[in-house]
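> Attaching a single structure in structure tokens format; questions to follow.
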Amino acid sequence: MIYQGYKVTPHCPRCGTSLSSHEVALGYKDDTVDPSVYIKFQIKALPAEIAGEKSPGFSLSKAVSDGKAYFLAWTTTPWTLPGNTSLALAADADYAVIEYQGDFLVFARALMEQAGIGDRPVLKTIKGSQLTGSLYIPLFNPHEFNVERKRAREGQPGQFDIQEPDAHLTYKVITADIVSLEDGTGIVNIAPAFGEVDFLAGLEHNLDFVQQVDLSGNITGTYPFSGKFVKAADPEVLADLDRRGLLHKSGKITHTYPFCWRCDAPLVYYAKKTWYIRTSAKKDEMIAGNRQINWYPEHIKEGRFGDWLQNNVDWAFSRERYWGTPLNIWNCENCNHFECLGGLDEIKARKGLKGFAGDMDLHRPYVDDISYDCPECGGKMARQTEVIDCWFDSGAMPFAQWHYPFENDSKFKESFPADYISEAVDQTRGWFYSLHAISTLVFGQPCYKNVICLGHILDAEGEKMSKTRGNVVDPWTVLDSSGADALRWYMFTSGPPGNVRRMSPDMVVEVMRNFLMTLWNTYSFFVIYANIDNFIPGTQPVSLTSELDKWLMSRLNQLVLDVDELLANYDPTTAGRKIESFVSDLSNWYVRRSRRRFWKSQNDDDKLSAYNCLYQTLVTLSKLLAPFIPFVADEMYQNLVRSVDGKAPESVHLVSFPVADRDLINAVIIEDTELAMKICSMGRAARSKSAVKVRQPLPRVVVKARSAHEQEALKNLCSQILDELNVKDIEFTSEELKEGKAMSVAVDGDYQVGVVTEITPELLQEGLAREIVRRVQTMRRSAGLEIADHITTNYLGNDQVDNVMAAFADYIQQETLSVALLKGIPAEVARTEKFKLSGIEVTLAIRKQEP
RNA sequence: GGGCCAUUAGCUCAGCUGGUUAGAGCACAGUCCUGAUAAGACUGGGGUCUGUGGUUCGAAUCCACAAUGGCCCA
């Protein structure tokens with residue numbers, strides 16, 4: 001499965017190493033500007049078939065013998081031209097001969113326009129196949145510049161024979177499938193040392209091999225441009241050709257070219273020795289294994305990853321580096337015998353072992369000292385100096401992390417194959433592949449069952465974030481200002497994980513305010529009141545008599561059901577969004593509607609039921625949220641559970657995920673409450689149109705629902721509606737509601753909600769009482785009083801004020817925790833304020849009542 | 001050059017097994033509510049659902065092509 005090949009690999013001249021295909025993938029740049037040049041190769045001889053051909057008027061043979069006939073080839077890498085050893089044509093294409101400045105140029109007829117000579121008459125048309133075997137004179141005869149010309153030994157791709165110098169060297173023309181008629185001239189520069197296609201063509205046609213560039217990317221030999229880096233040599237190569245009349249046209253092209261992901265140097269395709277894993281032999285197994293894996297999003301499976309497996313090529317896994325896992329292949333310096341050693345035991349068993357100590361560090365440089373006797377010839381066996389591609393290490397993780405198969409047999413088997421892995425989409429060629437390839441090679445099966453494949457995070461403009469571009473959102477600024485859990489929640493809920501997403505810190509701030517603060521405030525509401533009332537969870541029976549509580553328990557258990565199922569289906573986004581809308585309803589409906597139940601002074605069943613429901617809900621939420629926002633969830637859990645139950649698991653992360661109680665799910669209540677919410681929303685709209693403040697109670701709301709069934713449902717929930725809309729009565733009708741002097745109406749589809757805006761003296765008085773409560777509360781707050789502090793309230797006003805204070809004394813006192821309502825303003829008060837309420841002047845004063 | 005994904009309000013996204021009037025949050029303006037609130041409610045402005053064809057009684061939704069962006073490959 002492992003072999004050494006002489007193959008062309010992308011090579012980084014600065015790092016001095018070849019790159020794997022997944023590394024190359026990291027460094028493509030779209031807007032690379034390179035030379036676009038048309039070069040003339042002088043034709044020396046034509047194949048006999050067309051050489052003898054007579055044609056009236058024009059003879060290509062004569063032009064050849066006059067030294068005026070040229071193949072016109074196109075390239076973007078002038079520095080490879082000294083290594084050119086052939087030209088490739090498309091067999092089926094028509095090639096035209098035209099005259100240009102006294103020379104006769106041959107190139108694909110279809111591409112005349114691009115070469116800038118479309119207006120010339122075509123003197124002759126020849127099929128590419130007819131030109132095969134033509135000979136041409138090299139642009140640079142390697143022997144003149146002290147560069148070796150080699151040729152592959154028949155059947156041994158890794159071995160080359162050096163060719164004798166030849167002052168009259170010619171190269172031959174071949175045909176190849178890869179020749180494009182889209183761009184260029186239909187005649188392709190073949191330099192077997194500098195391209196994979198070129199190298200393979202070289203093997204197939206037994207072409208010469210000229211390698212005039214060293215591993216640092218510098219031109220060797222004695223060319224005028226020797227010693228230059230390849231890219232720097234480009235203009236000088238062109239200048240040299242131009243001087244000799246061999247440069248037809250020179251320009252620039254913008255195209256995609258790979259660069260080193262590590263150091264940004266342009267990559268050079270370079271033939272050199274590399275160790276390969278013959279993964280292509282296991283291609284079918286890898287494809288079969290992939291069918292067992294669940295991919296999210298699903299299209300990756302047969303799309304990007306499936307394509308990658310279909311087009312599998314052998315894994316070039318050796319690296320010319322210092323750091324890394326040493327390649328465990330030794331070979332004999334004398335007879336070239338190879339051995340691959342599988343472990344320490346095998347090393348120790350070698351005859352004539354030198355440079356080995358029992359406790360040695362088996363990395364470079366120490367490992368390089370190990371040698372032993374060749375079992376074939378007795379020569380010295382030395383380690384190949386390369387290290388192993390670190391992607392191989394990453395792919396070996398499932399067993400390497402346990403040092404399996406040397407130990408931890410059971411630990412390995414427990415965790416293999418993995419249930420789930422996650423990485424970004426670029427890793428289809430990286431970690432996803434290295435894991436899958438090695439697992440298939442070693443175990444014949446996949447090593448992961450489920451994958452969430454993440455899309456990339458882009459900046460606010462939709463551009464890829466990159467350090468060089470400076471558009472990176474620093475994670476620390478987000479973590480410092482909004483927190484890790486806010487960032488997590490944003491990532492989970494802002495969009496499906498497989499999508500790319502634009503990101504700016506503002507979005508995380510929004511998440512914090514919208515979701516986390518709502519959650520936290522609900523939690524802290526509970527904590528404040530539970531502390532005031534000394535509520536101890538678990539000691540009181542839960543009796544679900546209140547419709548509101550039944551609704552909350554229904555919603556909660558439905559939520560648990562939904563979230564559990566969504567997470568099982570690898571959809572954290574929808575799960576998170578469900579939690580979000582639940583928390584919003586919890587805060588804006590349940591707590592809002594239940595407020596008075598917590599505030600009232602009697603510790604009755606209703607109050608306990610409210611506490612228990614809210615408590616259970618918050619605890620369950622902390623468990624549901626634990627995988628999403630581990631810090632906030634555990635903080636809630638610590639205070640809600642651990643502080644009252646020392647025997648509870650230490651952390652929410654050690655608690656089992658909640659299981660829904662299906663018996664508590666009442667779909668009818670959920671639906672009915674939704675309707676009640678809708679009616680309230682319309683009622684608020686009607687109220688706000690009437691311009692009567694919500695604080696002012698109104699006599700009646702009139703509802704036109706769609707059916708008698710809906711009317712019944714709303715009747716059951718009418719206390720919630722009355723309270724929410726601050727009206728005294730609810731009435732149902734099947735008549736159209738009319739907007740009028742004492743009626744404000746909101747319409748939505750088949751629903752109509754009208755508010756009767758007649759204000760009786762009694763209602764006005766009650767409204768006044770609410771105004772007074774509201775003012776006192778605001779004063780308490782500004783005075784810096786605690787919620788549970790008791791006060792004495794003093795007041796001053798006309799008879800009407802006196803009447804209100806008398807009629808609503810209980811209500812005002814309970815709401816404001818006033819031990820007394822006293823007429824007259826004493827000198828020593830915490831705060832005095834004067835108001836005009838509905839045209840009536842009132843002066844209020846409060847002072848804290850010391851216990 | 002090939003492949004995959006996306007494109008819906010100023011922004012971030014729902015809606016995609018075709019079917020009443022395309023929704024939410026943020027942002028903006030005004031009004032209201034509030035002793036849990038960096039919250040909330042109501043109203044308002046803001047949309048040729050990227051474009052062009054096609055299928056259909058009916059298309060944001062299905063099909064084809066194109067444009068733009070992102071990713072991967074060459």
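Numbering starts fresh at 1 for the residues of each chain in the structure tokens, the chains themselves are lettered A, B, ... in the order given, and ligands are numbered from 1 as they appear.
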Taking only residues of chain A that have an atom at most 6 Å from an atom of chain B, what is each one's shortest atom pair and its distance in Å to one decimal, using only C-alpha atoms (C1' of nucleotides), in chain and number order, as a tab-separated table?


residue	atom	partner	partner_atom	distance
A:Asn521	CA	B:A36	C1'	5.2
A:Phe525	CA	B:A36	C1'	4.0
A:Ala685	CA	B:C42	C1'	5.2

> Please dump the current selection as a PDB file, in the first residue's frame; keep N, CA and C atoms.


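Wrote it out as again01.pdb, contents follow:
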ATOM      1  N   ASN A 521     -33.375  37.531  33.551  1.00  0.00           N
ATOM      2  CA  ASN A 521     -34.310  38.334  34.329  1.00  0.00           C
ATOM      3  C   ASN A 521     -35.461  37.493  34.863  1.00  0.00           C
ATOM      4  N   PHE A 525     -36.094  37.187  38.664  1.00  0.00           N
ATOM      5  CA  PHE A 525     -37.416  37.459  39.225  1.00  0.00           C
ATOM      6  C   PHE A 525     -37.804  36.371  40.224  1.00  0.00           C
ATOM      7  N   ALA A 685     -54.268  46.766  20.796  1.00  0.00           N
ATOM      8  CA  ALA A 685     -54.291  47.638  19.626  1.00  0.00           C
ATOM      9  C   ALA A 685     -55.509  48.560  19.700  1.00  0.00           C
TER      10      ALA A 685
END

> DSSP on the backbone, then: every residue of stretch 694-789 of chain A marked alpha helix (DSSP H), written as a PyMOL selection string.

chain A and resi 708-716+718-725+761-782

> Could you list, as a ChimeraX atom specification, every residue within 10 Å of A:Val652, counting only C-alpha atoms (C1' of nucleotides) and ignoring same-chain residues fewer than 5 positions away?

/A:619,622-627,630-631,633-638,641-642,657

> Hey, can you spit out that residue selection with all heavy atoms as a tab-separated table (two decimals), in the first residue's frame?


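Result written to out15.tsv:
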chain	number	residue	atom	x	y	z
A	619	VAL	N	-35.47	25.05	36.28
A	619	VAL	CA	-34.52	23.95	36.45
A	619	VAL	C	-34.44	23.13	35.15
A	619	VAL	O	-33.35	22.79	34.67
A	619	VAL	CB	-34.93	23.05	37.63
A	619	VAL	CG1	-34.08	21.78	37.66
A	619	VAL	CG2	-34.78	23.81	38.95
A	622	SER	N	-32.49	24.95	32.60
A	622	SER	CA	-31.04	24.90	32.80
A	622	SER	C	-30.48	23.61	32.24
A	622	SER	O	-29.38	23.59	31.67
A	622	SER	CB	-30.68	25.08	34.28
A	622	SER	OG	-30.89	23.88	34.99
A	623	LYS	N	-31.24	22.55	32.35
A	623	LYS	CA	-30.77	21.27	31.81
A	623	LYS	C	-30.84	21.25	30.28
A	623	LYS	O	-29.94	20.73	29.62
A	623	LYS	CB	-31.61	20.12	32.38
A	623	LYS	CG	-31.42	19.93	33.87
A	623	LYS	CD	-32.37	18.87	34.40
A	623	LYS	CE	-32.34	18.81	35.93
A	623	LYS	NZ	-33.39	17.90	36.44
A	624	LEU	N	-31.92	21.80	29.76
A	624	LEU	CA	-32.04	21.87	28.30
A	624	LEU	C	-30.95	22.73	27.69
A	624	LEU	O	-30.45	22.48	26.60
A	624	LEU	CB	-33.40	22.47	27.90
A	624	LEU	CG	-34.65	21.61	27.93
A	624	LEU	CD1	-35.84	22.44	27.48
A	624	LEU	CD2	-34.49	20.40	27.03
A	625	LEU	N	-30.60	23.77	28.43
A	625	LEU	CA	-29.65	24.75	27.89
A	625	LEU	C	-28.20	24.36	28.13
A	625	LEU	O	-27.30	24.96	27.54
A	625	LEU	CB	-29.92	26.12	28.52
A	625	LEU	CG	-31.18	26.83	27.99
A	625	LEU	CD1	-31.54	28.01	28.88
A	625	LEU	CD2	-30.96	27.29	26.56
A	626	ALA	N	-27.99	23.36	28.98
A	626	ALA	CA	-26.61	23.01	29.34
A	626	ALA	C	-25.71	22.78	28.13
A	626	ALA	O	-24.58	23.26	28.11
A	626	ALA	CB	-26.62	21.79	30.27
A	627	PRO	N	-26.18	22.06	27.10
A	627	PRO	CA	-25.28	21.85	25.96
A	627	PRO	C	-25.05	23.13	25.15
A	627	PRO	O	-24.08	23.21	24.41
A	627	PRO	CB	-26.01	20.82	25.09
A	627	PRO	CG	-27.13	20.31	25.90
A	627	PRO	CD	-27.45	21.34	26.92
A	630	PRO	N	-23.21	26.53	28.50
A	630	PRO	CA	-22.82	25.77	29.69
A	630	PRO	C	-22.63	26.62	30.95
A	630	PRO	O	-22.91	26.16	32.04
A	630	PRO	CB	-21.50	25.12	29.26
A	630	PRO	CG	-21.03	25.88	28.07
A	630	PRO	CD	-22.26	26.38	27.38
A	631	PHE	N	-22.17	27.85	30.76
A	631	PHE	CA	-21.88	28.67	31.96
A	631	PHE	C	-23.16	29.17	32.61
A	631	PHE	O	-23.38	28.99	33.80
A	631	PHE	CB	-20.99	29.86	31.59
A	631	PHE	CG	-19.64	29.46	31.08
A	631	PHE	CD1	-18.98	30.23	30.12
A	631	PHE	CD2	-19.00	28.32	31.54
A	631	PHE	CE1	-17.73	29.87	29.65
A	631	PHE	CE2	-17.75	27.94	31.09
A	631	PHE	CZ	-17.12	28.72	30.14
A	633	ALA	N	-26.17	28.12	32.16
A	633	ALA	CA	-27.00	27.00	32.60
A	633	ALA	C	-26.52	26.48	33.96
A	633	ALA	O	-27.33	26.20	34.84
A	633	ALA	CB	-26.96	25.89	31.55
A	634	ASP	N	-25.22	26.36	34.10
A	634	ASP	CA	-24.72	25.80	35.37
A	634	ASP	C	-24.89	26.79	36.52
A	634	ASP	O	-25.18	26.40	37.65
A	634	ASP	CB	-23.25	25.38	35.23
A	634	ASP	CG	-22.87	24.35	36.29
A	634	ASP	OD1	-23.71	23.47	36.58
A	634	ASP	OD2	-21.77	24.46	36.84
A	635	GLU	N	-24.74	28.07	36.22
A	635	GLU	CA	-24.94	29.09	37.24
A	635	GLU	C	-26.38	29.00	37.78
A	635	GLU	O	-26.61	29.03	38.98
A	635	GLU	CB	-24.67	30.47	36.64
A	635	GLU	CG	-24.93	31.64	37.55
A	635	GLU	CD	-23.89	31.77	38.66
A	635	GLU	OE1	-22.79	31.22	38.50
A	635	GLU	OE2	-24.20	32.43	39.68
A	636	MET	N	-27.33	28.88	36.88
A	636	MET	CA	-28.73	28.74	37.29
A	636	MET	C	-28.92	27.47	38.13
A	636	MET	O	-29.55	27.48	39.18
A	636	MET	CB	-29.64	28.69	36.05
A	636	MET	CG	-29.80	30.02	35.34
A	636	MET	SD	-30.64	29.86	33.72
A	636	MET	CE	-32.24	29.21	34.23
A	637	TYR	N	-28.34	26.41	37.62
A	637	TYR	CA	-28.48	25.12	38.29
A	637	TYR	C	-27.89	25.15	39.70
A	637	TYR	O	-28.49	24.66	40.66
A	637	TYR	CB	-27.80	24.04	37.45
A	637	TYR	CG	-27.73	22.68	38.10
A	637	TYR	CD1	-28.80	21.79	38.02
A	637	TYR	CD2	-26.59	22.29	38.79
A	637	TYR	CE1	-28.73	20.54	38.63
A	637	TYR	CE2	-26.51	21.05	39.40
A	637	TYR	CZ	-27.59	20.17	39.31
A	637	TYR	OH	-27.50	18.94	39.92
A	638	GLN	N	-26.69	25.72	39.81
A	638	GLN	CA	-26.02	25.78	41.12
A	638	GLN	C	-26.92	26.45	42.15
A	638	GLN	O	-27.09	25.97	43.26
A	638	GLN	CB	-24.69	26.55	41.03
A	638	GLN	CG	-23.61	25.85	40.23
A	638	GLN	CD	-23.23	24.48	40.79
A	638	GLN	OE1	-23.30	24.25	41.99
A	638	GLN	NE2	-22.85	23.58	39.90
A	641	VAL	N	-30.67	24.45	42.29
A	641	VAL	CA	-30.70	23.06	42.73
A	641	VAL	C	-29.68	22.77	43.81
A	641	VAL	O	-30.02	22.32	44.90
A	641	VAL	CB	-30.49	22.11	41.52
A	641	VAL	CG1	-30.49	20.66	41.98
A	641	VAL	CG2	-31.57	22.34	40.48
A	642	ARG	N	-28.43	23.05	43.51
A	642	ARG	CA	-27.37	22.65	44.44
A	642	ARG	C	-27.48	23.35	45.79
A	642	ARG	O	-27.19	22.77	46.82
A	642	ARG	CB	-25.99	22.95	43.82
A	642	ARG	CG	-25.58	21.94	42.78
A	642	ARG	CD	-25.01	20.69	43.40
A	642	ARG	NE	-23.75	20.95	44.07
A	642	ARG	CZ	-23.12	20.06	44.83
A	642	ARG	NH1	-23.65	18.86	45.01
A	642	ARG	NH2	-21.98	20.35	45.42
A	657	PHE	N	-30.23	14.44	30.73
A	657	PHE	CA	-31.05	15.36	29.94
A	657	PHE	C	-32.51	15.14	30.30
A	657	PHE	O	-32.93	14.00	30.54
A	657	PHE	CB	-30.81	15.09	28.45
A	657	PHE	CG	-31.14	16.26	27.58
A	657	PHE	CD1	-30.34	17.39	27.62
A	657	PHE	CD2	-32.21	16.22	26.72
A	657	PHE	CE1	-30.62	18.48	26.81
A	657	PHE	CE2	-32.51	17.31	25.91
A	657	PHE	CZ	-31.71	18.44	25.96

> Residues near B:U50, anyone? I mean within 12 Å using only C-alpha atoms (C1' of nucleotides), not counting same-chain ones fewer than 6 positions away, as a ChimeraX atom specification.

/B:6-8,60,66-69

> Would you compute the distance between atom CA of A:Leu131 and atom CA of A:Ile190? Give it in Å to one decimal.

15.9 Å
